[in-house]
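Novice: target.cif is the file, holding mmCIF, C-alpha atoms:
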data_final
loop_
_atom_site.label_atom_id
_atom_site.label_comp_id
_atom_site.auth_asym_id
_atom_site.auth_seq_id
_atom_site.Cartn_x
_atom_site.Cartn_y
_atom_site.Cartn_z
CA MET E 1 103.02 133.65 87.48
CA THR E 2 102.68 131.57 90.62
CA GLY E 3 103.27 127.88 91.24
CA TRP E 4 100.66 125.20 91.84
CA ASN E 5 100.97 121.50 92.69
CA ASN E 6 98.40 118.76 93.04
CA TRP E 7 97.99 116.85 96.32
CA SER E 8 100.52 114.13 95.51
CA GLY E 9 103.11 116.56 94.12
CA SER E 10 103.36 114.86 90.72
CA VAL E 11 101.52 117.55 88.73
CA ALA E 12 102.93 121.08 88.68
CA ALA E 13 101.80 124.20 86.85
CA SER E 14 102.64 127.90 86.66
CA PRO E 15 99.32 129.69 86.08
CA ARG E 16 99.37 133.32 85.03
CA LEU E 17 96.77 133.91 87.75
CA ILE E 18 95.15 131.90 90.53
CA ALA E 19 91.85 133.61 91.38
CA ARG E 20 89.17 133.03 94.02
CA PRO E 21 86.13 134.97 92.76
CA ARG E 22 83.22 135.57 95.12
CA LYS E 23 80.51 136.90 92.78
CA ALA E 24 79.17 136.12 89.31
CA ALA E 25 80.28 139.45 87.84
CA GLU E 26 83.83 138.89 89.07
CA LEU E 27 83.84 135.36 87.67
CA ALA E 28 82.47 136.53 84.31
CA ALA E 29 85.19 139.19 84.01
CA LEU E 30 87.92 136.65 84.80
CA VAL E 31 86.58 134.09 82.32
CA GLY E 32 86.09 136.72 79.63
CA GLN E 33 89.64 138.03 79.90
CA ALA E 34 91.38 134.63 79.95
CA GLY E 35 92.47 132.63 76.96
CA LYS E 36 92.42 129.37 78.88
CA VAL E 37 90.57 128.50 82.10
CA ARG E 38 90.74 125.56 84.46
CA VAL E 39 89.13 125.12 87.88
CA VAL E 40 90.74 123.46 90.89
CA GLY E 41 89.38 122.16 94.17
CA ALA E 42 91.52 120.10 96.53
CA GLY E 43 93.97 119.03 93.80
CA HIS E 44 93.20 115.34 94.32
CA SER E 45 93.40 114.54 90.61
CA PHE E 46 96.54 112.62 89.69
CA MET E 47 96.17 113.41 86.00
CA PRO E 48 96.95 116.99 84.84
CA LEU E 49 93.27 117.98 84.71
CA CYS E 50 93.90 121.31 86.46
CA GLU E 51 97.19 122.17 84.77
CA THR E 52 97.22 125.54 82.98
CA GLY E 53 99.55 128.39 82.18
CA ASP E 54 96.71 130.90 82.17
CA LEU E 55 93.79 131.25 84.63
CA LEU E 56 93.29 128.76 87.45
CA LEU E 57 90.05 129.29 89.36
CA ASN E 58 89.13 128.18 92.87
CA LEU E 59 85.44 128.58 93.77
CA SER E 60 85.59 127.63 97.43
CA ASP E 61 84.74 131.25 98.39
CA TYR E 62 82.09 131.78 95.71
CA GLU E 63 78.78 133.14 96.99
CA GLY E 64 75.94 130.71 97.54
CA ALA E 65 74.06 128.52 99.99
CA VAL E 66 72.22 125.22 100.00
CA GLU E 67 68.71 125.62 98.53
CA ILE E 68 66.42 122.74 99.54
CA ALA E 69 63.58 121.68 97.25
CA ALA E 70 60.06 121.63 98.69
CA ASP E 71 60.00 117.81 98.63
CA ARG E 72 63.43 117.66 100.33
CA LYS E 73 64.65 115.18 97.72
CA THR E 74 67.11 117.51 95.96
CA VAL E 75 69.17 120.58 96.80
CA TRP E 76 71.01 123.21 94.79
CA ALA E 77 74.51 123.40 96.28
CA PRO E 78 77.52 125.66 95.59
CA ALA E 79 79.72 123.69 93.20
CA GLY E 80 82.95 124.95 94.74
CA TRP E 81 82.16 123.80 98.27
CA SER E 82 84.18 120.87 99.55
CA LEU E 83 82.27 117.68 100.24
CA LYS E 84 83.22 118.18 103.89
CA LYS E 85 81.52 121.59 103.99
CA LEU E 86 78.53 120.44 101.95
CA THR E 87 77.79 117.32 103.98
CA ALA E 88 78.00 119.22 107.26
CA ALA E 89 75.57 121.83 105.90
CA LEU E 90 73.19 119.10 104.73
CA TRP E 91 73.35 117.36 108.11
CA ALA E 92 72.34 120.59 109.83
CA GLU E 93 69.20 120.49 107.65
CA GLY E 94 68.48 116.83 108.39
CA LEU E 95 69.79 115.58 105.03
CA SER E 96 72.62 113.40 103.69
CA LEU E 97 74.20 112.48 100.39
CA ILE E 98 73.18 109.08 99.10
CA ASN E 99 76.81 107.94 99.02
CA GLN E 100 80.33 109.30 99.43
CA GLY E 101 83.90 108.24 98.86
CA ASP E 102 86.41 107.78 101.65
CA ILE E 103 87.88 111.29 101.55
CA ASN E 104 86.00 114.59 101.59
CA PRO E 105 88.30 117.57 100.78
CA GLN E 106 87.33 117.49 97.07
CA SER E 107 84.99 120.11 95.70
CA LEU E 108 81.50 118.96 94.74
CA ALA E 109 82.15 120.00 91.12
CA GLY E 110 85.47 118.16 91.00
CA ALA E 111 83.96 114.96 92.39
CA VAL E 112 80.99 115.04 90.01
CA SER E 113 82.94 116.04 86.91
CA THR E 114 85.44 113.17 87.30
CA GLY E 115 83.01 110.40 88.31
CA THR E 116 84.30 110.04 91.87
CA HIS E 117 82.54 107.21 93.72
CA GLY E 118 82.33 105.35 96.98
CA THR E 119 81.38 101.72 97.34
CA GLY E 120 78.09 99.84 97.31
CA ALA E 121 76.91 97.24 94.82
CA GLU E 122 73.65 99.13 94.19
CA LEU E 123 75.02 102.68 94.51
CA GLY E 124 76.36 104.86 91.69
CA SER E 125 79.04 107.52 91.57
CA LEU E 126 78.48 111.12 92.66
CA SER E 127 77.84 111.92 89.01
CA THR E 128 74.66 109.81 89.17
CA GLN E 129 73.40 111.96 92.04
CA ALA E 130 73.64 115.23 90.05
CA CYS E 131 70.36 116.17 88.36
CA GLY E 132 70.96 119.78 87.32
CA PHE E 133 73.73 122.31 86.72
CA ARG E 134 74.20 126.05 86.55
CA LEU E 135 77.46 126.86 84.80
CA MET E 136 79.22 129.85 83.37
CA THR E 137 79.97 129.25 79.71
CA ALA E 138 82.81 130.67 77.64
CA ASP E 139 80.84 133.85 76.83
CA GLY E 140 80.24 134.69 80.51
CA ARG E 141 76.59 133.60 80.66
CA ILE E 142 75.11 131.48 83.45
CA VAL E 143 73.30 128.60 81.74
CA GLU E 144 71.11 126.07 83.53
CA CYS E 145 70.64 122.52 82.33
CA GLY E 146 68.79 119.40 83.41
CA PRO E 147 67.03 116.38 81.91
CA ASP E 148 64.39 118.64 80.31
CA LEU E 149 66.37 121.88 79.96
CA ASN E 150 69.28 122.00 77.51
CA PRO E 151 69.29 118.19 77.71
CA GLU E 152 72.36 117.60 75.52
CA LEU E 153 74.40 120.00 77.64
CA TYR E 154 73.12 118.24 80.74
CA GLN E 155 74.07 114.78 79.47
CA ALA E 156 77.61 115.94 78.67
CA GLN E 157 77.93 117.93 81.90
CA ARG E 158 77.08 114.97 84.13
CA LEU E 159 80.71 113.87 83.79
CA SER E 160 82.43 116.69 81.95
CA LEU E 161 86.01 116.97 83.22
CA GLY E 162 85.32 120.72 83.31
CA LEU E 163 85.25 121.02 79.51
CA LEU E 164 81.89 122.77 79.09
CA GLY E 165 82.18 125.69 81.50
CA VAL E 166 82.60 126.64 85.14
CA ALA E 167 79.99 124.90 87.30
CA VAL E 168 78.76 127.34 89.95
CA GLU E 169 75.81 125.34 91.34
CA ILE E 170 74.84 121.69 91.15
CA ARG E 171 71.45 120.20 91.89
CA ILE E 172 72.00 116.93 93.70
CA ASN E 173 69.79 114.18 95.07
CA VAL E 174 69.66 113.83 98.86
CA ILE E 175 67.93 111.61 101.40
CA PRO E 176 67.00 112.01 105.09
CA ALA E 177 70.05 112.14 107.35
CA TYR E 178 71.23 108.73 108.54
CA HIS E 179 73.84 107.15 110.79
CA LEU E 180 76.38 104.52 109.78
CA GLU E 181 78.33 101.88 111.62
CA GLU E 182 81.77 101.00 110.25
CA ARG E 183 83.31 97.61 110.96
CA VAL E 184 86.85 96.67 109.96
CA GLU E 185 88.40 93.23 110.38
CA ARG E 186 90.91 90.84 108.84
CA ARG E 187 89.64 88.03 106.66
CA PRO E 188 91.30 85.49 104.37
CA LEU E 189 91.32 86.66 100.76
CA ALA E 190 90.12 83.22 99.65
CA GLU E 191 87.03 83.48 101.87
CA VAL E 192 86.15 86.98 100.67
CA ALA E 193 86.59 85.94 97.03
CA GLU E 194 84.38 82.89 97.48
CA ARG E 195 81.62 84.81 99.30
CA LEU E 196 81.88 88.17 97.52
CA ASP E 197 78.29 88.36 96.28
CA GLU E 198 76.94 87.27 99.66
CA LEU E 199 79.09 89.78 101.55
CA ALA E 200 78.17 92.58 99.16
CA ALA E 201 74.45 91.88 99.58
CA ALA E 202 74.69 91.78 103.38
CA THR E 203 75.63 95.46 103.82
CA ARG E 204 74.93 98.77 102.11
CA HIS E 205 78.67 99.36 101.58
CA MET E 206 81.46 96.79 101.37
CA GLU E 207 85.09 97.05 100.31
CA PHE E 208 88.43 95.50 101.11
CA PHE E 209 92.13 96.30 100.98
CA VAL E 210 94.73 93.67 100.18
CA PHE E 211 98.51 93.99 100.13
CA PRO E 212 100.02 92.29 97.06
CA TYR E 213 102.16 89.98 99.18
CA SER E 214 99.49 89.02 101.72
CA ASP E 215 96.78 86.37 101.62
CA GLU E 216 94.55 88.29 104.03
CA VAL E 217 92.44 91.39 103.46
CA ILE E 218 91.35 94.35 105.54
CA PHE E 219 87.58 93.94 105.18
CA LYS E 220 85.43 97.02 105.73
CA THR E 221 81.65 97.44 105.84
CA LEU E 222 79.38 100.44 106.39
CA HIS E 223 75.74 99.90 107.27
CA PRO E 224 72.94 102.22 108.41
CA VAL E 225 72.14 102.06 112.13
CA GLU E 226 69.92 103.89 114.58
CA PRO E 227 71.51 106.94 116.26
CA ARG E 228 73.55 106.10 119.34
CA GLU E 229 72.17 106.94 122.75
CA PRO E 230 73.32 110.29 124.21
CA GLY E 231 76.48 109.98 126.22
CA ARG E 232 77.81 106.85 124.52
CA PRO E 233 81.12 107.21 122.67
CA ALA E 234 80.98 107.75 118.92
CA ARG E 235 84.05 105.60 118.35
CA GLU E 236 85.29 102.23 119.48
CA VAL E 237 88.36 101.70 117.32
CA GLY E 238 91.55 99.71 117.30
CA GLU E 239 95.08 101.11 117.37
CA ASP E 240 95.83 103.72 114.74
CA SER E 241 98.34 102.15 112.38
CA GLU E 242 99.03 105.09 110.03
CA ALA E 243 102.32 106.05 111.72
CA THR E 244 103.49 102.44 111.57
CA PHE E 245 102.49 102.17 107.94
CA LYS E 246 104.41 105.32 107.04
CA THR E 247 107.51 103.94 108.74
CA ILE E 248 107.18 100.74 106.73
CA CYS E 249 106.76 102.75 103.52
CA ASP E 250 109.92 104.70 104.28
CA ILE E 251 111.85 101.48 104.93
CA CYS E 252 110.59 100.01 101.66
CA ALA E 253 111.63 103.16 99.81
CA ALA E 254 115.16 102.73 101.18
CA ALA E 255 115.26 98.93 100.85
CA PRO E 256 112.64 97.77 98.30
CA PHE E 257 113.62 94.08 98.66
CA LEU E 258 112.08 94.11 102.15
CA THR E 259 108.59 94.94 100.85
CA PRO E 260 107.08 91.41 100.83
CA SER E 261 108.14 90.52 104.37
CA LEU E 262 107.20 93.94 105.76
CA GLN E 263 103.72 93.69 104.25
CA ARG E 264 103.11 90.36 105.92
CA LEU E 265 104.38 91.83 109.19
CA MET E 266 102.02 94.78 108.76
CA MET E 267 99.03 92.48 108.39
CA ARG E 268 99.97 90.54 111.54
CA MET E 269 100.21 93.82 113.46
CA MET E 270 96.80 95.03 112.34
CA GLY E 271 95.20 92.41 114.62
CA LYS E 272 92.09 93.52 116.44
CA PRO E 273 88.83 94.36 114.70
CA SER E 274 87.58 97.94 115.00
CA ARG E 275 84.25 99.69 114.80
CA ARG E 276 82.85 103.19 114.92
CA ALA E 277 79.41 104.70 114.48
CA GLY E 278 77.97 108.15 113.98
CA PRO E 279 76.49 110.56 111.42
CA ALA E 280 77.04 109.23 107.91
CA TYR E 281 79.01 112.29 106.76
CA GLU E 282 81.51 111.74 109.59
CA ILE E 283 81.86 107.98 109.07
CA PHE E 284 82.31 107.88 105.28
CA PRO E 285 85.66 109.77 105.15
CA SER E 286 88.98 108.52 106.49
CA GLU E 287 92.25 110.34 107.02
CA ARG E 288 94.66 110.12 104.08
CA ASN E 289 97.87 111.82 105.18
CA ILE E 290 100.50 109.58 103.57
CA ARG E 291 101.16 110.85 100.04
CA PHE E 292 100.80 108.40 97.19
CA GLU E 293 100.25 108.17 93.45
CA GLU E 294 97.17 106.32 92.21
CA MET E 295 95.79 104.41 89.25
CA GLU E 296 92.22 103.10 89.29
CA TYR E 297 90.39 100.98 86.75
CA GLU E 298 86.67 100.23 86.67
CA LEU E 299 85.88 96.76 85.34
CA PRO E 300 82.79 94.71 84.54
CA ARG E 301 81.63 93.17 87.82
CA ALA E 302 82.49 89.61 86.78
CA ALA E 303 86.04 90.60 85.77
CA GLY E 304 86.84 92.33 89.06
CA LEU E 305 88.21 89.52 91.23
CA PRO E 306 89.98 87.63 88.41
CA THR E 307 91.74 90.86 87.41
CA LEU E 308 92.71 91.63 91.01
CA LYS E 309 94.21 88.15 91.36
CA ALA E 310 96.07 88.57 88.06
CA ALA E 311 97.49 91.92 89.22
CA MET E 312 98.67 90.41 92.52
CA ALA E 313 100.22 87.45 90.72
CA HIS E 314 102.07 89.79 88.35
CA ILE E 315 103.54 91.74 91.27
CA ARG E 316 104.61 88.60 93.08
CA LYS E 317 106.16 87.04 89.99
CA ARG E 318 108.15 90.18 89.23
CA ARG E 319 108.78 90.90 92.97
CA LEU E 320 107.76 94.51 92.42
CA PRO E 321 108.14 96.81 95.44
CA VAL E 322 104.49 97.88 95.86
CA THR E 323 103.99 99.29 99.33
CA PHE E 324 100.28 100.17 99.35
CA PRO E 325 97.38 97.72 99.28
CA PHE E 326 94.94 97.35 96.41
CA GLU E 327 91.49 98.77 97.18
CA PHE E 328 88.56 96.75 95.81
CA ARG E 329 85.07 98.27 95.63
CA LEU E 330 81.76 97.72 93.86
CA ALA E 331 79.56 100.30 92.13
CA ALA E 332 76.29 100.31 90.22
CA GLY E 333 76.09 100.83 86.49
CA ASP E 334 74.75 104.08 85.00
CA ASP E 335 73.83 105.76 81.71
CA ILE E 336 76.25 108.72 81.76
CA TRP E 337 78.02 109.29 78.44
CA MET E 338 81.59 109.39 79.77
CA SER E 339 81.19 107.27 82.89
CA PRO E 340 83.43 104.21 83.27
CA PHE E 341 80.38 102.43 84.72
CA ASN E 342 78.04 103.00 81.77
CA ALA E 343 78.55 99.43 80.54
CA GLY E 344 76.84 97.95 83.61
CA PRO E 345 77.57 97.03 87.25
CA GLY E 346 81.24 97.51 88.03
CA ALA E 347 84.11 96.50 90.23
CA SER E 348 86.76 99.09 91.01
CA ILE E 349 90.45 98.31 91.56
CA SER E 350 92.60 101.11 92.94
CA PHE E 351 96.37 100.71 92.76
CA HIS E 352 98.67 103.00 94.74
CA GLN E 353 102.37 103.59 95.14
CA TYR E 354 104.11 105.57 97.89
CA ALA E 355 104.93 109.04 96.54
CA LYS E 356 108.61 108.72 97.51
CA MET E 357 109.06 105.61 95.37
CA PRO E 358 109.25 105.28 91.56
CA TRP E 359 105.78 104.76 90.14
CA ARG E 360 105.74 105.38 86.36
CA PRO E 361 107.30 102.04 85.21
CA LEU E 362 105.20 100.21 87.80
CA PHE E 363 101.97 101.82 86.60
CA THR E 364 102.83 100.95 83.00
CA GLU E 365 103.01 97.27 83.92
CA MET E 366 99.86 97.34 86.03
CA GLU E 367 97.80 99.23 83.46
CA ALA E 368 98.37 96.43 80.95
CA VAL E 369 96.99 93.91 83.46
CA LEU E 370 93.98 96.06 84.32
CA ARG E 371 93.17 96.68 80.65
CA ASP E 372 93.21 92.92 80.06
CA GLY E 373 90.14 92.79 82.31
CA ALA E 374 88.26 95.15 79.96
CA GLY E 375 88.80 97.98 82.42
CA ARG E 376 88.29 101.70 81.93
CA PRO E 377 90.32 104.16 84.00
CA HIS E 378 88.99 106.65 86.49
CA TRP E 379 89.48 109.96 84.66
CA ALA E 380 91.32 111.63 87.56
CA LYS E 381 93.68 108.72 88.28
CA ARG E 382 96.80 107.82 86.30
CA HIS E 383 96.17 106.36 82.85
CA THR E 384 97.56 106.50 79.30
CA LEU E 385 94.39 106.52 77.19
CA THR E 386 94.61 107.90 73.68
CA THR E 387 91.85 109.50 71.63
CA ALA E 388 91.39 106.19 69.82
CA ASP E 389 90.99 104.41 73.17
CA VAL E 390 88.38 106.93 74.31
CA HIS E 391 86.22 106.41 71.23
CA ARG E 392 86.66 102.63 71.39
CA LEU E 393 85.66 102.44 75.05
CA TYR E 394 82.87 105.05 75.04
CA PRO E 395 80.16 104.77 72.36
CA ARG E 396 78.87 108.28 73.17
CA ALA E 397 82.30 109.95 73.07
CA GLY E 398 81.46 111.57 69.74
CA ASP E 399 78.35 113.16 71.26
CA PHE E 400 80.41 114.39 74.19
CA VAL E 401 83.03 115.99 71.94
CA SER E 402 80.29 117.56 69.83
CA ALA E 403 78.75 119.13 72.94
CA CYS E 404 82.17 120.48 73.99
CA LYS E 405 82.64 122.12 70.60
CA THR E 406 79.11 123.56 70.65
CA TRP E 407 79.35 125.15 74.09
CA ASP E 408 83.07 126.01 74.03
CA PRO E 409 83.96 126.46 70.33
CA THR E 410 87.36 128.05 71.03
CA GLY E 411 88.45 125.46 73.60
CA LYS E 412 88.73 127.99 76.43
CA PHE E 413 88.20 125.29 79.07
CA ALA E 414 90.48 122.66 77.49
CA ASN E 415 94.11 122.38 78.61
CA THR E 416 96.88 120.50 76.79
CA HIS E 417 96.07 117.12 78.33
CA LEU E 418 92.35 117.29 77.57
CA THR E 419 92.88 118.69 74.09
CA GLN E 420 95.08 115.72 73.24
CA LEU E 421 92.81 113.20 74.96
CA PHE E 422 89.66 114.25 73.08
CA SER E 423 91.27 115.73 69.93
CA LEU E 424 89.75 119.13 70.65
#
Please render this file's structure as structure tokens.
Specialist:
Amino acid sequence: MTGWNNWSGSVAASPRLIARPRKAAELAALVGQAGKVRVVGAGHSFMPLCETGDLLLNLSDYEGAVEIAADRKTVWAPAGWSLKKLTAALWAEGLSLINQGDINPQSLAGAVSTGTHGTGAELGSLSTQACGFRLMTADGRIVECGPDLNPELYQAQRLSLGLLGVAVEIRINVIPAYHLEERVERRPLAEVAERLDELAAATRHMEFFVFPYSDEVIFKTLHPVEPREPGRPAREVGEDSEATFKTICDICAAAPFLTPSLQRLMMRMMGKPSRRAGPAYEIFPSERNIRFEEMEYELPRAAGLPTLKAAMAHIRKRRLPVTFPFEFRLAAGDDIWMSPFNAGPGASISFHQYAKMPWRPLFTEMEAVLRDGAGRPHWAKRHTLTTADVHRLYPRAGDFVSACKTWDPTGKFANTHLTQLFSL
């Protein structure tokens, strides 16, 4: 056995074997010989989705290339490629993803199968961009599915948590390559709250970060622009504050009572606005080097801001030592069985805690507040849903479980966490 940890360090496992197959025959042999199988990408899930004591697969070296459709509106892409690798390959072909999140080490399959999303009031998660799958099922076959081919498998696979098989290729919607300009500035929280709909409509992507003890936000927009002229710099940014922020986090870990005053100091130091522009796939992601633990709830659009304000008020009242800011984003609704956004347009609230500080009791308190807003958790972020919760929140959960049992009757792809969550 060998050890494995997720990115934050909070999930550990001792798989019997960690394998990096390159070809279908090798993958089929590994799947056929294993009792239990899970697949891992960058390990950015905070829940134990990849935990296993048997076979842990990594498909980053699996054979494959981008196959572009004749109309250039979709591509088949290797499921194990990181978003960083995929978006660079698409750019070389004059194509881009419709939307991305703000980090790109995750595998395409991991991002799609957990409902990972970026921001944009009219833009859905990466799961909404997937329109076909080729996956290896429990019996070692490669099965293809889409809206008109094995449609029930396709509907379940759109956000599957890896429960139906090993995705080897994903067909995904693309658009012509485009450039983005990012602008970041401070704004009063009251102003952003009052003008939220207007601000969201003014740009393709809008989000903001707000420290629990501050009344100002870090307001960020991304909007398509024409390519910059040759020779002009790609970046015009303010001072990098990550090192300062890490120092503040370390101080708060040692002296939690200083958290409120240090957050206000941090906001005063973040001063000047910043901007950068360039190819979309380079502008979407940001560096995330400071380790944290994360909970994220997706709420009905109208409940987003009231729930954020309630969460901030709870932290202030209890003087909880929360070092990271909330992240507030918007996303479009969808029709995916197990998507947190399938009830309509959503608002997303991400809640983080520095990895060196206690987070479990804090998350317990915050989850109660976020659930009060009729929220549903991001599947890969910390939550405490039960099977009863899943079926209460997701009307098509029964269909999803039925598909899992049809395509994986022995539960080969279900680990302890997922077995308990879905009563498999």
Novice: I'd like the neighbourhood of Glu242 of chain E as a compact mmCIF listing (two decimals) with C-alpha atoms, in the frame of the given file, where a residue qualifies if any of its atoms comes within 12 Å (using all atoms listed in the file), though same-chain residues fewer than 4 positions away should be ignored.
Specialist:
# COMPACT_ATOMS: atom_id res chain seq x y z
CA GLY E 238 91.55 99.71 117.30
CA LYS E 246 104.41 105.32 107.04
CA THR E 247 107.51 103.94 108.74
CA ILE E 248 107.18 100.74 106.73
CA CYS E 249 106.76 102.75 103.52
CA MET E 266 102.02 94.78 108.76
CA MET E 269 100.21 93.82 113.46
CA MET E 270 96.80 95.03 112.34
CA SER E 286 88.98 108.52 106.49
CA GLU E 287 92.25 110.34 107.02
CA ARG E 288 94.66 110.12 104.08
CA ASN E 289 97.87 111.82 105.18
CA ILE E 290 100.50 109.58 103.57
CA ARG E 291 101.16 110.85 100.04
CA PHE E 324 100.28 100.17 99.35
Novice: Starting from the PyMOL selection byres ((chain E and resi 417-424) around 8), expand the selection into actual residues of this file and give them as a list in words.
Specialist: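 This file, filtered by the PyMOL selection byres ((chain E and resi 417-424) around 8), leaves Pro48, Leu49, Leu385, Thr386, Thr387, Val390, Val401, Lys405, Gly411, Ala414, Asn415 and Thr416 of chain E.
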Novice: Give me the residues near Val75 of chain E as a PyMOL selection string, where near means some atom within 12 Å (using only C-alpha atoms) and where sequence neighbours in that chain fewer than 4 positions away do not count.
Specialist: chain E and resi 65-71+79+86-87+89-90+93+95-97+129-133+169-175
Novice: Can you tell me how far atom CA of Ala193 of chain E sits from atom CA of Ala311 of chain E, in Å to one decimal?
Specialist: 14.7 Å
Novice: Using the chain letters and numbers from the file, give me the residues hit by the PyMOL selection byres ((chain E and resi 44) around 9), as an MDAnalysis selection string.
Specialist: chainID E and resid 6:8 41:43 45:46 105:106 110 380:381
Novice: Please evaluate the PyMOL selection byres ((chain E and resi 278) around 6) against the displayed coordinates and give the resulting residues as a list in words.
Specialist: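 Evaluating the PyMOL selection byres ((chain E and resi 278) around 6) on this file yields His179, Leu180, Ala234, Ala277 and Pro279 of chain E.
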Novice: Quick one: everything within 9 Å of Ser14 of chain E, counting all atoms listed in the file, minus sequence neighbours fewer than 2 positions away in the same chain. Send it as number ranges by chain.
Specialist: E: 1-5, 12, 16-17, 51-54
Novice: Within 9 Å of (83.1, 115.4, 80.7) (coordinates as in the file), grab all the protein and nucleic acid residues, counting all atoms listed in the file, and write them out as a list of chain:residue names.
Specialist: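 Result, sorted by chain then residue number: E:Ser113, E:Thr114, E:Ala156, E:Gln157, E:Arg158, E:Leu159, E:Ser160, E:Leu161, E:Gly162, E:Leu163, E:Leu164, E:Trp337, E:Met338, E:Ser339, E:Phe400, E:Val401, E:Cys404.
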Novice: Grab the atom CA of Phe245 of chain E to atom CA of Leu308 of chain E distance for me, in Å with one decimal place.
Specialist: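 We find that atom CA of Phe245 of chain E and atom CA of Leu308 of chain E lie 22.2 Å from each other.
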Novice: Any chance you could work out the axis-aligned box around segment 90-102 of chain E, listed atoms only, 4 Å on each side, giving centre and edge lengths in Å to one decimal, as AutoDock Vina command-line options?
Specialist:
--center_x 77.4 --center_y 114.2 --center_z 104.3 --size_x 25.9 --size_y 20.8 --size_z 19.0
Novice: Compare E:Glu207, E:Glu293, E:Glu327, E:Asp215 by their minimum atom-to-atom distance to Glu191 of chain E, counting all atoms listed in the file, and give me the closest one.
Specialist: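 Among the listed residues, E:Asp215 lies closest to Glu191 of chain E.
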Novice: From the list E:Gln263, E:Thr307, E:Thr244, E:Gln100, which residue is nearest Glu216 of chain E when using all atoms listed in the file?
Specialist: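 Of the candidates, the smallest distance to Glu216 of chain E is held by E:Gln263.
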